[in-house]
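What follows is run-v5.pdb (PDB, N, CA and C atoms and all ligand atoms).
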ATOM      1  N   MET A 391     102.724-125.746 200.239  1.00  0.00           N
ATOM      2  CA  MET A 391     102.517-126.274 198.886  1.00  0.00           C
ATOM      3  C   MET A 391     102.569-125.126 197.886  1.00  0.00           C
ATOM      4  N   ASN A 392     103.394-125.285 196.934  1.00  0.00           N
ATOM      5  CA  ASN A 392     103.492-124.275 195.892  1.00  0.00           C
ATOM      6  C   ASN A 392     102.915-124.818 194.594  1.00  0.00           C
ATOM      7  N   PRO A 393     102.350-123.953 193.789  1.00  0.00           N
ATOM      8  CA  PRO A 393     101.831-124.421 192.500  1.00  0.00           C
ATOM      9  C   PRO A 393     102.960-124.886 191.596  1.00  0.00           C
ATOM     10  N   VAL A 394     102.678-125.902 190.820  1.00  0.00           N
ATOM     11  CA  VAL A 394     103.701-126.482 189.951  1.00  0.00           C
ATOM     12  C   VAL A 394     104.088-125.486 188.879  1.00  0.00           C
ATOM     13  N   GLN A 395     103.069-124.849 188.332  1.00  0.00           N
ATOM     14  CA  GLN A 395     103.356-123.901 187.253  1.00  0.00           C
ATOM     15  C   GLN A 395     102.583-122.630 187.499  1.00  0.00           C
ATOM     16  N   ARG A 396     103.209-121.522 187.235  1.00  0.00           N
ATOM     17  CA  ARG A 396     102.584-120.219 187.433  1.00  0.00           C
ATOM     18  C   ARG A 396     101.437-120.047 186.444  1.00  0.00           C
ATOM     19  N   LYS A 397     100.305-119.514 186.937  1.00  0.00           N
ATOM     20  CA  LYS A 397      99.176-119.258 186.031  1.00  0.00           C
ATOM     21  C   LYS A 397      99.383-117.915 185.352  1.00  0.00           C
ATOM     22  N   SER A 398      98.926-117.845 184.151  1.00  0.00           N
ATOM     23  CA  SER A 398      99.066-116.591 183.412  1.00  0.00           C
ATOM     24  C   SER A 398      98.154-115.529 184.006  1.00  0.00           C
ATOM     25  N   ARG A 399      98.424-114.297 183.701  1.00  0.00           N
ATOM     26  CA  ARG A 399      97.601-113.194 184.201  1.00  0.00           C
ATOM     27  C   ARG A 399      96.156-113.354 183.749  1.00  0.00           C
ATOM     28  N   SER A 400      95.991-113.835 182.531  1.00  0.00           N
ATOM     29  CA  SER A 400      94.632-114.034 182.018  1.00  0.00           C
ATOM     30  C   SER A 400      93.903-115.110 182.807  1.00  0.00           C
ATOM     31  N   GLN A 401      94.615-116.208 183.122  1.00  0.00           N
ATOM     32  CA  GLN A 401      93.971-117.285 183.886  1.00  0.00           C
ATOM     33  C   GLN A 401      93.569-116.802 185.272  1.00  0.00           C
ATOM     34  N   SER A 402      94.436-116.029 185.921  1.00  0.00           N
ATOM     35  CA  SER A 402      94.099-115.508 187.249  1.00  0.00           C
ATOM     36  C   SER A 402      92.888-114.607 187.179  1.00  0.00           C
ATOM     37  N   LYS A 403      92.857-113.761 186.158  1.00  0.00           N
ATOM     38  CA  LYS A 403      91.725-112.833 186.043  1.00  0.00           C
ATOM     39  C   LYS A 403      90.436-113.574 185.728  1.00  0.00           C
ATOM     40  N   MET A 404      90.551-114.635 184.938  1.00  0.00           N
ATOM     41  CA  MET A 404      89.344-115.409 184.634  1.00  0.00           C
ATOM     42  C   MET A 404      88.828-116.096 185.883  1.00  0.00           C
ATOM     43  N   ARG A 405      89.757-116.586 186.733  1.00  0.00           N
ATOM     44  CA  ARG A 405      89.325-117.240 187.969  1.00  0.00           C
ATOM     45  C   ARG A 405      88.660-116.216 188.885  1.00  0.00           C
ATOM     46  N   ARG A 406      89.224-115.018 188.945  1.00  0.00           N
ATOM     47  CA  ARG A 406      88.699-114.005 189.864  1.00  0.00           C
ATOM     48  C   ARG A 406      87.513-113.249 189.285  1.00  0.00           C
ATOM     49  N   SER A 407      87.099-113.592 188.092  1.00  0.00           N
ATOM     50  CA  SER A 407      85.969-112.870 187.506  1.00  0.00           C
ATOM     51  C   SER A 407      84.696-113.118 188.294  1.00  0.00           C
ATOM     52  N   HIS A 408      84.659-114.203 189.095  1.00  0.00           N
ATOM     53  CA  HIS A 408      83.469-114.489 189.897  1.00  0.00           C
ATOM     54  C   HIS A 408      83.501-113.777 191.240  1.00  0.00           C
ATOM     55  N   GLN A 409      84.659-113.232 191.608  1.00  0.00           N
ATOM     56  CA  GLN A 409      84.783-112.576 192.915  1.00  0.00           C
ATOM     57  C   GLN A 409      84.454-111.104 192.762  1.00  0.00           C
ATOM     58  N   HIS A 410      83.196-110.819 192.647  1.00  0.00           N
ATOM     59  CA  HIS A 410      82.814-109.416 192.526  1.00  0.00           C
ATOM     60  C   HIS A 410      81.617-109.173 193.409  1.00  0.00           C
ATOM     61  N   LEU A 411      81.394-107.933 193.764  1.00  0.00           N
ATOM     62  CA  LEU A 411      80.258-107.568 194.595  1.00  0.00           C
ATOM     63  C   LEU A 411      79.009-107.515 193.734  1.00  0.00           C
ATOM     64  N   LYS A 412      77.922-107.956 194.326  1.00  0.00           N
ATOM     65  CA  LYS A 412      76.654-107.888 193.609  1.00  0.00           C
ATOM     66  C   LYS A 412      76.033-106.519 193.838  1.00  0.00           C
ATOM     67  N   PRO A 413      75.363-105.997 192.856  1.00  0.00           N
ATOM     68  CA  PRO A 413      74.732-104.694 193.050  1.00  0.00           C
ATOM     69  C   PRO A 413      73.627-104.783 194.098  1.00  0.00           C
ATOM     70  N   ILE A 414      73.492-103.704 194.852  1.00  0.00           N
ATOM     71  CA  ILE A 414      72.457-103.647 195.878  1.00  0.00           C
ATOM     72  C   ILE A 414      71.105-103.501 195.204  1.00  0.00           C
ATOM     73  N   GLY A 415      70.198-104.425 195.497  1.00  0.00           N
ATOM     74  CA  GLY A 415      68.882-104.367 194.898  1.00  0.00           C
ATOM     75  C   GLY A 415      68.041-103.289 195.535  1.00  0.00           C
ATOM     76  N   SER A 416      67.138-102.723 194.780  1.00  0.00           N
ATOM     77  CA  SER A 416      66.223-101.725 195.337  1.00  0.00           C
ATOM     78  C   SER A 416      64.825-102.011 194.822  1.00  0.00           C
ATOM     79  N   VAL A 417      63.848-101.685 195.637  1.00  0.00           N
ATOM     80  CA  VAL A 417      62.453-101.895 195.260  1.00  0.00           C
ATOM     81  C   VAL A 417      61.740-100.549 195.264  1.00  0.00           C
ATOM     82  N   ARG A 418      60.596-100.519 194.617  1.00  0.00           N
ATOM     83  CA  ARG A 418      59.783 -99.296 194.582  1.00  0.00           C
ATOM     84  C   ARG A 418      58.911 -99.247 195.830  1.00  0.00           C
ATOM     85  N   CYS A 419      58.813 -98.083 196.412  1.00  0.00           N
ATOM     86  CA  CYS A 419      57.910 -97.896 197.543  1.00  0.00           C
ATOM     87  C   CYS A 419      56.477 -97.955 197.029  1.00  0.00           C
ATOM     88  N   PRO A 420      55.629 -98.846 197.561  1.00  0.00           N
ATOM     89  CA  PRO A 420      54.251 -98.913 197.074  1.00  0.00           C
ATOM     90  C   PRO A 420      53.435 -97.688 197.461  1.00  0.00           C
ATOM     91  N   ASN A 421      53.937 -96.900 198.399  1.00  0.00           N
ATOM     92  CA  ASN A 421      53.200 -95.726 198.861  1.00  0.00           C
ATOM     93  C   ASN A 421      53.448 -94.521 197.961  1.00  0.00           C
ATOM     94  N   CYS A 422      54.735 -94.229 197.696  1.00  0.00           N
ATOM     95  CA  CYS A 422      55.053 -93.026 196.926  1.00  0.00           C
ATOM     96  C   CYS A 422      55.797 -93.338 195.640  1.00  0.00           C
ATOM     97  N   GLY A 423      56.288 -94.562 195.450  1.00  0.00           N
ATOM     98  CA  GLY A 423      56.930 -94.916 194.198  1.00  0.00           C
ATOM     99  C   GLY A 423      58.414 -94.638 194.142  1.00  0.00           C
ATOM    100  N   ALA A 424      58.987 -94.108 195.222  1.00  0.00           N
ATOM    101  CA  ALA A 424      60.425 -93.841 195.219  1.00  0.00           C
ATOM    102  C   ALA A 424      61.200 -95.143 195.413  1.00  0.00           C
ATOM    103  N   ALA A 425      62.466 -95.159 194.970  1.00  0.00           N
ATOM    104  CA  ALA A 425      63.300 -96.341 195.155  1.00  0.00           C
ATOM    105  C   ALA A 425      63.723 -96.430 196.613  1.00  0.00           C
ATOM    106  N   LYS A 426      63.648 -97.637 197.180  1.00  0.00           N
ATOM    107  CA  LYS A 426      64.060 -97.835 198.571  1.00  0.00           C
ATOM    108  C   LYS A 426      64.691 -99.211 198.700  1.00  0.00           C
ATOM    109  N   LEU A 427      65.428 -99.413 199.788  1.00  0.00           N
ATOM    110  CA  LEU A 427      66.024-100.708 200.043  1.00  0.00           C
ATOM    111  C   LEU A 427      64.948-101.656 200.567  1.00  0.00           C
ATOM    112  N   PRO A 428      65.004-102.942 200.171  1.00  0.00           N
ATOM    113  CA  PRO A 428      64.007-103.881 200.677  1.00  0.00           C
ATOM    114  C   PRO A 428      64.124-104.051 202.191  1.00  0.00           C
ATOM    115  N   HIS A 429      63.009-104.219 202.869  1.00  0.00           N
ATOM    116  CA  HIS A 429      62.915-104.411 204.325  1.00  0.00           C
ATOM    117  C   HIS A 429      63.351-103.174 205.083  1.00  0.00           C
ATOM    118  N   CYS A 430      63.369-102.030 204.430  1.00  0.00           N
ATOM    119  CA  CYS A 430      63.762-100.788 205.092  1.00  0.00           C
ATOM    120  C   CYS A 430      62.648 -99.766 204.897  1.00  0.00           C
ATOM    121  N   ALA A 431      62.650 -98.765 205.763  1.00  0.00           N
ATOM    122  CA  ALA A 431      61.664 -97.702 205.636  1.00  0.00           C
ATOM    123  C   ALA A 431      62.014 -96.814 204.449  1.00  0.00           C
ATOM    124  N   CYS A 432      60.982 -96.289 203.815  1.00  0.00           N
ATOM    125  CA  CYS A 432      61.198 -95.405 202.674  1.00  0.00           C
ATOM    126  C   CYS A 432      61.790 -94.084 203.159  1.00  0.00           C
ATOM    127  N   ASN A 433      62.757 -93.565 202.416  1.00  0.00           N
ATOM    128  CA  ASN A 433      63.407 -92.313 202.812  1.00  0.00           C
ATOM    129  C   ASN A 433      62.477 -91.127 202.616  1.00  0.00           C
ATOM    130  N   ASP A 434      61.565 -91.232 201.665  1.00  0.00           N
ATOM    131  CA  ASP A 434      60.730 -90.076 201.341  1.00  0.00           C
ATOM    132  C   ASP A 434      59.506 -89.994 202.245  1.00  0.00           C
ATOM    133  N   CYS A 435      58.806 -91.123 202.433  1.00  0.00           N
ATOM    134  CA  CYS A 435      57.556 -91.053 203.164  1.00  0.00           C
ATOM    135  C   CYS A 435      57.575 -91.872 204.452  1.00  0.00           C
ATOM    136  N   GLY A 436      58.593 -92.691 204.693  1.00  0.00           N
ATOM    137  CA  GLY A 436      58.667 -93.451 205.935  1.00  0.00           C
ATOM    138  C   GLY A 436      57.853 -94.720 205.933  1.00  0.00           C
ATOM    139  N   TYR A 437      57.319 -95.108 204.780  1.00  0.00           N
ATOM    140  CA  TYR A 437      56.477 -96.298 204.687  1.00  0.00           C
ATOM    141  C   TYR A 437      57.328 -97.553 204.872  1.00  0.00           C
ATOM    142  N   VAL A 438      56.863 -98.483 205.716  1.00  0.00           N
ATOM    143  CA  VAL A 438      57.559 -99.751 205.907  1.00  0.00           C
ATOM    144  C   VAL A 438      56.695-100.888 205.363  1.00  0.00           C
ATOM    145  N   ARG A 439      55.490-101.021 205.925  1.00  0.00           N
ATOM    146  CA  ARG A 439      54.540-102.033 205.471  1.00  0.00           C
ATOM    147  C   ARG A 439      53.152-101.552 205.867  1.00  0.00           C
ATOM    148  N   PRO A 440      52.092-102.196 205.340  1.00  0.00           N
ATOM    149  CA  PRO A 440      50.751-101.755 205.711  1.00  0.00           C
ATOM    150  C   PRO A 440      50.555-101.793 207.223  1.00  0.00           C
ATOM    151  N   GLY A 441      50.225-100.683 207.805  1.00  0.00           N
ATOM    152  CA  GLY A 441      50.019-100.599 209.232  1.00  0.00           C
ATOM    153  C   GLY A 441      51.222-100.073 209.987  1.00  0.00           C
ATOM    154  N   LEU A 442      52.346 -99.895 209.312  1.00  0.00           N
ATOM    155  CA  LEU A 442      53.536 -99.366 209.988  1.00  0.00           C
ATOM    156  C   LEU A 442      54.149 -98.278 209.111  1.00  0.00           C
ATOM    157  N   LYS A 443      54.209 -97.087 209.639  1.00  0.00           N
ATOM    158  CA  LYS A 443      54.779 -95.968 208.922  1.00  0.00           C
ATOM    159  C   LYS A 443      55.558 -95.112 209.910  1.00  0.00           C
ATOM    160  N   LEU A 444      56.828 -94.886 209.631  1.00  0.00           N
ATOM    161  CA  LEU A 444      57.648 -94.089 210.530  1.00  0.00           C
ATOM    162  C   LEU A 444      57.446 -92.625 210.237  1.00  0.00           C
ATOM    163  N   SER A 445      57.440 -91.835 211.294  1.00  0.00           N
ATOM    164  CA  SER A 445      57.336 -90.392 211.105  1.00  0.00           C
ATOM    165  C   SER A 445      58.737 -89.834 210.943  1.00  0.00           C
ATOM    166  N   LEU A 446      58.990 -89.213 209.794  1.00  0.00           N
ATOM    167  CA  LEU A 446      60.309 -88.663 209.500  1.00  0.00           C
ATOM    168  C   LEU A 446      60.337 -87.185 209.852  1.00  0.00           C
ATOM    169  N   SER A 447      61.410 -86.792 210.482  1.00  0.00           N
ATOM    170  CA  SER A 447      61.597 -85.362 210.773  1.00  0.00           C
ATOM    171  C   SER A 447      62.553 -84.794 209.734  1.00  0.00           C
ATOM    172  N   LYS A 448      62.056 -83.864 208.935  1.00  0.00           N
ATOM    173  CA  LYS A 448      62.872 -83.277 207.868  1.00  0.00           C
ATOM    174  C   LYS A 448      63.293 -81.863 208.258  1.00  0.00           C
ATOM    175  N   ASP A 449      64.053 -81.757 209.328  1.00  0.00           N
ATOM    176  CA  ASP A 449      64.524 -80.444 209.770  1.00  0.00           C
ATOM    177  C   ASP A 449      66.031 -80.348 209.668  1.00  0.00           C
ATOM    178  N   GLU A 450      66.630 -81.047 208.724  1.00  0.00           N
ATOM    179  CA  GLU A 450      68.074 -80.985 208.577  1.00  0.00           C
ATOM    180  C   GLU A 450      68.464 -79.951 207.551  1.00  0.00           C
TER     181      GLU A 450
HETATM  182 ZN    ZN B 501      57.721 -93.939 200.067  1.00  0.00          ZN
END
Let me see the structure of the file written as structure tokens.
Amino acid sequence: MNPVQRKSRSQSKMRRSHQHLKPIGSVRCPNCGAAKLPHCACNDCGYVRPGLKLSLSKDE
């Protein structure tokens, strides 16, 4: 099936204006206040949730 009439460049771009990536959300770490990804351990302090904290090795 072919389209009856070709859409203009503007029409195509308007249709594709919804096809974009959403920005990755970030939350503040309640422990140290740094930005971190939700449901992930904090990069700075290793905080995940109350009662769970990962020990980070900073020897890189
Ligand atoms: Zn933190």
Give me the result of the PyMOL selection byres (((chain A and resi 440 and name CA) around 12) and not hetatm and name CA) on this file, residue by residue, as a ChimeraX atom specification.
/A:419-421,431,436-439,441-444
Go ahead and dump the residues you just picked, N, CA and C atoms, as an mmCIF file, in the frame of the given file.
data_model
loop_
_atom_site.group_PDB
_atom_site.id
_atom_site.type_symbol
_atom_site.label_atom_id
_atom_site.label_comp_id
_atom_site.auth_asym_id
_atom_site.auth_seq_id
_atom_site.Cartn_x
_atom_site.Cartn_y
_atom_site.Cartn_z
ATOM 1 N N CYS A 419 58.813 -98.083 196.412
ATOM 2 C CA CYS A 419 57.910 -97.896 197.543
ATOM 3 C C CYS A 419 56.477 -97.955 197.029
ATOM 4 N N PRO A 420 55.629 -98.846 197.561
ATOM 5 C CA PRO A 420 54.251 -98.913 197.074
ATOM 6 C C PRO A 420 53.435 -97.688 197.461
ATOM 7 N N ASN A 421 53.937 -96.900 198.399
ATOM 8 C CA ASN A 421 53.200 -95.726 198.861
ATOM 9 C C ASN A 421 53.448 -94.521 197.961
ATOM 10 N N ALA A 431 62.650 -98.765 205.763
ATOM 11 C CA ALA A 431 61.664 -97.702 205.636
ATOM 12 C C ALA A 431 62.014 -96.814 204.449
ATOM 13 N N GLY A 436 58.593 -92.691 204.693
ATOM 14 C CA GLY A 436 58.667 -93.451 205.935
ATOM 15 C C GLY A 436 57.853 -94.720 205.933
ATOM 16 N N TYR A 437 57.319 -95.108 204.780
ATOM 17 C CA TYR A 437 56.477 -96.298 204.687
ATOM 18 C C TYR A 437 57.328 -97.553 204.872
ATOM 19 N N VAL A 438 56.863 -98.483 205.716
ATOM 20 C CA VAL A 438 57.559 -99.751 205.907
ATOM 21 C C VAL A 438 56.695 -100.888 205.363
ATOM 22 N N ARG A 439 55.490 -101.021 205.925
ATOM 23 C CA ARG A 439 54.540 -102.033 205.471
ATOM 24 C C ARG A 439 53.152 -101.552 205.867
ATOM 25 N N GLY A 441 50.225 -100.683 207.805
ATOM 26 C CA GLY A 441 50.019 -100.599 209.232
ATOM 27 C C GLY A 441 51.222 -100.073 209.987
ATOM 28 N N LEU A 442 52.346 -99.895 209.312
ATOM 29 C CA LEU A 442 53.536 -99.366 209.988
ATOM 30 C C LEU A 442 54.149 -98.278 209.111
ATOM 31 N N LYS A 443 54.209 -97.087 209.639
ATOM 32 C CA LYS A 443 54.779 -95.968 208.922
ATOM 33 C C LYS A 443 55.558 -95.112 209.910
ATOM 34 N N LEU A 444 56.828 -94.886 209.631
ATOM 35 C CA LEU A 444 57.648 -94.089 210.530
ATOM 36 C C LEU A 444 57.446 -92.625 210.237
#
Could you put an axis-aligned box around every listed atom of region 392-404 of chain A, padded by 3 Å on each side, and send me its centre and edge lengths in Å to one decimal, as AutoDock Vina command-line options?
--center_x 96.5 --center_y -119.7 --center_z 189.5 --size_x 21.3 --size_y 19.6 --size_z 20.9
How would you write, as a count of residues only, the set of residues in chain A that DSSP gives as strand (DSSP E or B)?
9
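Atom N of His408 (chain A) is positioned 22.4 Å from CA of Asn392 (chain A).
In this structure, CA of Lys403 (chain A) sits 20.2 Å away from atom C of Met391 (chain A).
Between ligand ZN 501 (chain B) and the candidates A:Arg399, A:Arg406, A:Lys412, A:Lys426, the tightest atom-to-atom separation, counting only C-alpha atoms and all ligand atoms, involves A:Lys426.
Between atom C of Ala425 (chain A) and atom N of Leu446 (chain A) the separation is 15.8 Å.
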Looking only at the backbone, which of the residues in chain A does DSSP tag as helix (DSSP H, G or I), as a PDB file with N, CA and C atoms, keeping the file's coordinate frame?
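As a result, out-v3.pdb now contains:
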ATOM      1  N   ARG A 399      98.424-114.297 183.701  1.00  0.00           N
ATOM      2  CA  ARG A 399      97.601-113.194 184.201  1.00  0.00           C
ATOM      3  C   ARG A 399      96.156-113.354 183.749  1.00  0.00           C
ATOM      4  N   SER A 400      95.991-113.835 182.531  1.00  0.00           N
ATOM      5  CA  SER A 400      94.632-114.034 182.018  1.00  0.00           C
ATOM      6  C   SER A 400      93.903-115.110 182.807  1.00  0.00           C
ATOM      7  N   GLN A 401      94.615-116.208 183.122  1.00  0.00           N
ATOM      8  CA  GLN A 401      93.971-117.285 183.886  1.00  0.00           C
ATOM      9  C   GLN A 401      93.569-116.802 185.272  1.00  0.00           C
ATOM     10  N   SER A 402      94.436-116.029 185.921  1.00  0.00           N
ATOM     11  CA  SER A 402      94.099-115.508 187.249  1.00  0.00           C
ATOM     12  C   SER A 402      92.888-114.607 187.179  1.00  0.00           C
ATOM     13  N   LYS A 403      92.857-113.761 186.158  1.00  0.00           N
ATOM     14  CA  LYS A 403      91.725-112.833 186.043  1.00  0.00           C
ATOM     15  C   LYS A 403      90.436-113.574 185.728  1.00  0.00           C
ATOM     16  N   MET A 404      90.551-114.635 184.938  1.00  0.00           N
ATOM     17  CA  MET A 404      89.344-115.409 184.634  1.00  0.00           C
ATOM     18  C   MET A 404      88.828-116.096 185.883  1.00  0.00           C
ATOM     19  N   ARG A 405      89.757-116.586 186.733  1.00  0.00           N
ATOM     20  CA  ARG A 405      89.325-117.240 187.969  1.00  0.00           C
ATOM     21  C   ARG A 405      88.660-116.216 188.885  1.00  0.00           C
ATOM     22  N   ARG A 406      89.224-115.018 188.945  1.00  0.00           N
ATOM     23  CA  ARG A 406      88.699-114.005 189.864  1.00  0.00           C
ATOM     24  C   ARG A 406      87.513-113.249 189.285  1.00  0.00           C
ATOM     25  N   SER A 407      87.099-113.592 188.092  1.00  0.00           N
ATOM     26  CA  SER A 407      85.969-112.870 187.506  1.00  0.00           C
ATOM     27  C   SER A 407      84.696-113.118 188.294  1.00  0.00           C
ATOM     28  N   HIS A 408      84.659-114.203 189.095  1.00  0.00           N
ATOM     29  CA  HIS A 408      83.469-114.489 189.897  1.00  0.00           C
ATOM     30  C   HIS A 408      83.501-113.777 191.240  1.00  0.00           C
TER      31      HIS A 408
END
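Among the candidates A:His429, A:Ser447, A:Pro393, A:Ala424, the one nearest to ligand ZN 501 (chain B) when counting only C-alpha atoms and all ligand atoms is A:Ala424.
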Nearby residues (only N, CA and C atoms) at most 5 Å from Ser416 (chain A), same-chain spacing under 2 positions excluded, as a ChimeraX atom specification:
/A:414,418,426-427
Rank nothing, just name the residue among A:Gln395, A:Asn433, A:Gln409, A:Gln401 nearest to ligand ZN 501 (chain B), using all atoms listed in the file.
A:Asn433
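When only N, CA and C atoms and all ligand atoms are used to measure the gap to ligand ZN 501 (chain B), the shortest distance among A:Cys432, A:Gly415, A:Ser407, A:Arg396 belongs to A:Cys432.
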